[in-house]
Amino acid sequence: MNSEELIQLMKQVEEKGISWDTVSDKIKVPHQILNLYANSGPVPVTIINSLKKVLEGPAQ
């Protein structure tokens, strides 16, 4: 997947005020790794889908 989609999802997480600790626990990927994917290239589909599920779920 394109890193642009990941960047948009990360912005949505911040806009909703969801803590990165909560997101990392739910998707099992540290925030630092998400930043690396956002800056470097192809993003695994599983990460994109997991972030979408977190955003669709109830606010924390």
# chains A, B, ... in the order shown; residues from 1 in each chain; ligands from 1
>>> select_by_dssp(residues="chain A", states="helix (DSSP H, G or I)", output="number ranges by chain")
A: 3-16, 20-27, 31-40, 45-56
>>> write_last_selection(atoms="N, CA and C atoms", output="short mmCIF file (atom, residue, chain, number, x, y, z; two decimals), in the first residue's frame")
data_model
loop_
_atom_site.label_atom_id
_atom_site.label_comp_id
_atom_site.auth_asym_id
_atom_site.auth_seq_id
_atom_site.Cartn_x
_atom_site.Cartn_y
_atom_site.Cartn_z
N SER A 3 2.23 4.83 1.15
CA SER A 3 2.42 5.46 2.46
C SER A 3 1.49 6.66 2.65
N GLU A 4 0.97 7.22 1.55
CA GLU A 4 0.04 8.36 1.67
C GLU A 4 -1.22 7.97 2.45
N GLU A 5 -1.71 6.77 2.23
CA GLU A 5 -2.89 6.31 2.96
C GLU A 5 -2.57 6.18 4.45
N LEU A 6 -1.38 5.66 4.75
CA LEU A 6 -0.97 5.55 6.15
C LEU A 6 -0.88 6.91 6.80
N ILE A 7 -0.32 7.88 6.10
CA ILE A 7 -0.18 9.24 6.63
C ILE A 7 -1.56 9.83 6.94
N GLN A 8 -2.52 9.62 6.04
CA GLN A 8 -3.88 10.12 6.27
C GLN A 8 -4.51 9.46 7.49
N LEU A 9 -4.33 8.16 7.63
CA LEU A 9 -4.88 7.44 8.78
C LEU A 9 -4.24 7.92 10.09
N MET A 10 -2.94 8.18 10.04
CA MET A 10 -2.24 8.66 11.24
C MET A 10 -2.76 10.05 11.63
N LYS A 11 -3.05 10.88 10.64
CA LYS A 11 -3.62 12.20 10.93
C LYS A 11 -4.99 12.06 11.56
N GLN A 12 -5.78 11.12 11.07
CA GLN A 12 -7.12 10.89 11.63
C GLN A 12 -7.04 10.43 13.08
N VAL A 13 -6.06 9.59 13.39
CA VAL A 13 -5.86 9.14 14.78
C VAL A 13 -5.60 10.34 15.67
N GLU A 14 -4.72 11.23 15.22
CA GLU A 14 -4.39 12.42 16.01
C GLU A 14 -5.59 13.35 16.13
N GLU A 15 -6.35 13.51 15.05
CA GLU A 15 -7.53 14.38 15.09
C GLU A 15 -8.59 13.86 16.06
N LYS A 16 -8.72 12.54 16.14
CA LYS A 16 -9.69 11.95 17.06
C LYS A 16 -9.19 11.96 18.51
N TRP A 20 -1.38 7.19 21.04
CA TRP A 20 -0.59 6.25 20.25
C TRP A 20 -0.30 4.99 21.03
N ASP A 21 -0.29 5.05 22.36
CA ASP A 21 -0.12 3.85 23.17
C ASP A 21 -1.30 2.90 22.94
N THR A 22 -2.51 3.46 22.91
CA THR A 22 -3.71 2.66 22.66
C THR A 22 -3.66 2.05 21.26
N VAL A 23 -3.31 2.87 20.28
CA VAL A 23 -3.24 2.38 18.90
C VAL A 23 -2.20 1.27 18.79
N SER A 24 -1.02 1.48 19.37
CA SER A 24 0.05 0.47 19.31
C SER A 24 -0.37 -0.84 19.95
N ASP A 25 -1.09 -0.75 21.07
CA ASP A 25 -1.57 -1.96 21.73
C ASP A 25 -2.56 -2.71 20.86
N LYS A 26 -3.45 -1.99 20.20
CA LYS A 26 -4.49 -2.62 19.39
C LYS A 26 -3.96 -3.21 18.09
N ILE A 27 -3.04 -2.53 17.44
CA ILE A 27 -2.56 -3.03 16.14
C ILE A 27 -1.24 -3.80 16.27
N HIS A 31 4.48 2.99 17.36
CA HIS A 31 4.34 4.25 16.63
C HIS A 31 5.60 4.56 15.81
N GLN A 32 6.76 4.22 16.33
CA GLN A 32 8.01 4.49 15.62
C GLN A 32 8.07 3.73 14.29
N ILE A 33 7.54 2.51 14.28
CA ILE A 33 7.52 1.72 13.04
C ILE A 33 6.55 2.34 12.05
N LEU A 34 5.41 2.82 12.54
CA LEU A 34 4.46 3.49 11.65
C LEU A 34 5.11 4.71 11.00
N ASN A 35 5.88 5.46 11.79
CA ASN A 35 6.58 6.63 11.24
C ASN A 35 7.58 6.22 10.17
N LEU A 36 8.27 5.12 10.38
CA LEU A 36 9.22 4.64 9.37
C LEU A 36 8.50 4.27 8.07
N TYR A 37 7.39 3.54 8.20
CA TYR A 37 6.62 3.19 7.00
C TYR A 37 6.10 4.45 6.30
N ALA A 38 5.67 5.43 7.07
CA ALA A 38 5.14 6.66 6.48
C ALA A 38 6.20 7.40 5.67
N ASN A 39 7.45 7.27 6.10
CA ASN A 39 8.54 7.99 5.44
C ASN A 39 9.27 7.18 4.37
N SER A 40 9.08 5.84 4.36
CA SER A 40 9.98 5.07 3.51
C SER A 40 9.35 4.24 2.40
N VAL A 45 -0.60 -4.19 4.11
CA VAL A 45 -2.05 -4.02 4.11
C VAL A 45 -2.62 -4.27 5.49
N THR A 46 -2.02 -5.18 6.23
CA THR A 46 -2.54 -5.50 7.57
C THR A 46 -2.47 -4.29 8.50
N ILE A 47 -1.44 -3.48 8.36
CA ILE A 47 -1.33 -2.28 9.19
C ILE A 47 -2.41 -1.28 8.82
N ILE A 48 -2.61 -1.06 7.53
CA ILE A 48 -3.64 -0.14 7.07
C ILE A 48 -5.01 -0.59 7.58
N ASN A 49 -5.32 -1.87 7.41
CA ASN A 49 -6.61 -2.40 7.84
C ASN A 49 -6.79 -2.30 9.35
N SER A 50 -5.73 -2.57 10.10
CA SER A 50 -5.81 -2.47 11.56
C SER A 50 -6.07 -1.03 12.01
N LEU A 51 -5.41 -0.09 11.39
CA LEU A 51 -5.62 1.33 11.73
C LEU A 51 -7.06 1.75 11.41
N LYS A 52 -7.58 1.27 10.29
CA LYS A 52 -8.96 1.59 9.92
C LYS A 52 -9.93 1.05 10.97
N LYS A 53 -9.68 -0.16 11.48
CA LYS A 53 -10.55 -0.74 12.50
C LYS A 53 -10.50 0.08 13.79
N VAL A 54 -9.32 0.55 14.16
CA VAL A 54 -9.18 1.37 15.37
C VAL A 54 -9.98 2.66 15.19
N LEU A 55 -9.89 3.27 14.02
CA LEU A 55 -10.60 4.52 13.76
C LEU A 55 -12.11 4.32 13.70
N GLU A 56 -12.56 3.17 13.26
CA GLU A 56 -14.00 2.90 13.18
C GLU A 56 -14.60 2.54 14.53
#
>>> decode(residues="chain A", atoms="C-alpha atoms", output="compact mmCIF listing (two decimals), in the first residue's frame")
# COMPACT_ATOMS: atom_id res chain seq x y z
CA MET A 1 0.00 0.00 0.00
CA ASN A 2 1.01 3.57 -0.51
CA SER A 3 2.42 5.46 2.46
CA GLU A 4 0.04 8.36 1.67
CA GLU A 5 -2.89 6.31 2.96
CA LEU A 6 -0.97 5.55 6.15
CA ILE A 7 -0.18 9.24 6.63
CA GLN A 8 -3.88 10.12 6.27
CA LEU A 9 -4.88 7.44 8.78
CA MET A 10 -2.24 8.66 11.24
CA LYS A 11 -3.62 12.20 10.93
CA GLN A 12 -7.12 10.89 11.63
CA VAL A 13 -5.86 9.14 14.78
CA GLU A 14 -4.39 12.42 16.01
CA GLU A 15 -7.53 14.38 15.09
CA LYS A 16 -9.69 11.95 17.06
CA GLY A 17 -7.36 12.29 20.04
CA ILE A 18 -6.63 8.57 20.31
CA SER A 19 -3.36 7.97 22.16
CA TRP A 20 -0.59 6.25 20.25
CA ASP A 21 -0.12 3.85 23.17
CA THR A 22 -3.71 2.66 22.66
CA VAL A 23 -3.24 2.38 18.90
CA SER A 24 0.05 0.47 19.31
CA ASP A 25 -1.57 -1.96 21.73
CA LYS A 26 -4.49 -2.62 19.39
CA ILE A 27 -2.56 -3.03 16.14
CA LYS A 28 0.60 -4.55 17.71
CA VAL A 29 2.88 -2.12 15.85
CA PRO A 30 4.86 0.61 17.64
CA HIS A 31 4.34 4.25 16.63
CA GLN A 32 8.01 4.49 15.62
CA ILE A 33 7.52 1.72 13.04
CA LEU A 34 4.46 3.49 11.65
CA ASN A 35 6.58 6.63 11.24
CA LEU A 36 9.22 4.64 9.37
CA TYR A 37 6.62 3.19 7.00
CA ALA A 38 5.14 6.66 6.48
CA ASN A 39 8.54 7.99 5.44
CA SER A 40 9.98 5.07 3.51
CA GLY A 41 7.61 3.22 1.31
CA PRO A 42 5.26 0.29 0.96
CA VAL A 43 3.02 -0.27 3.94
CA PRO A 44 1.68 -3.75 4.74
CA VAL A 45 -2.05 -4.02 4.11
CA THR A 46 -2.54 -5.50 7.57
CA ILE A 47 -1.33 -2.28 9.19
CA ILE A 48 -3.64 -0.14 7.07
CA ASN A 49 -6.61 -2.40 7.84
CA SER A 50 -5.81 -2.47 11.56
CA LEU A 51 -5.62 1.33 11.73
CA LYS A 52 -8.96 1.59 9.92
CA LYS A 53 -10.55 -0.74 12.50
CA VAL A 54 -9.18 1.37 15.37
CA LEU A 55 -10.60 4.52 13.76
CA GLU A 56 -14.00 2.90 13.18
CA GLY A 57 -14.24 1.66 16.76
CA PRO A 58 -15.45 3.64 19.77
CA ALA A 59 -13.31 6.63 20.81
CA GLN A 60 -10.91 5.99 23.67
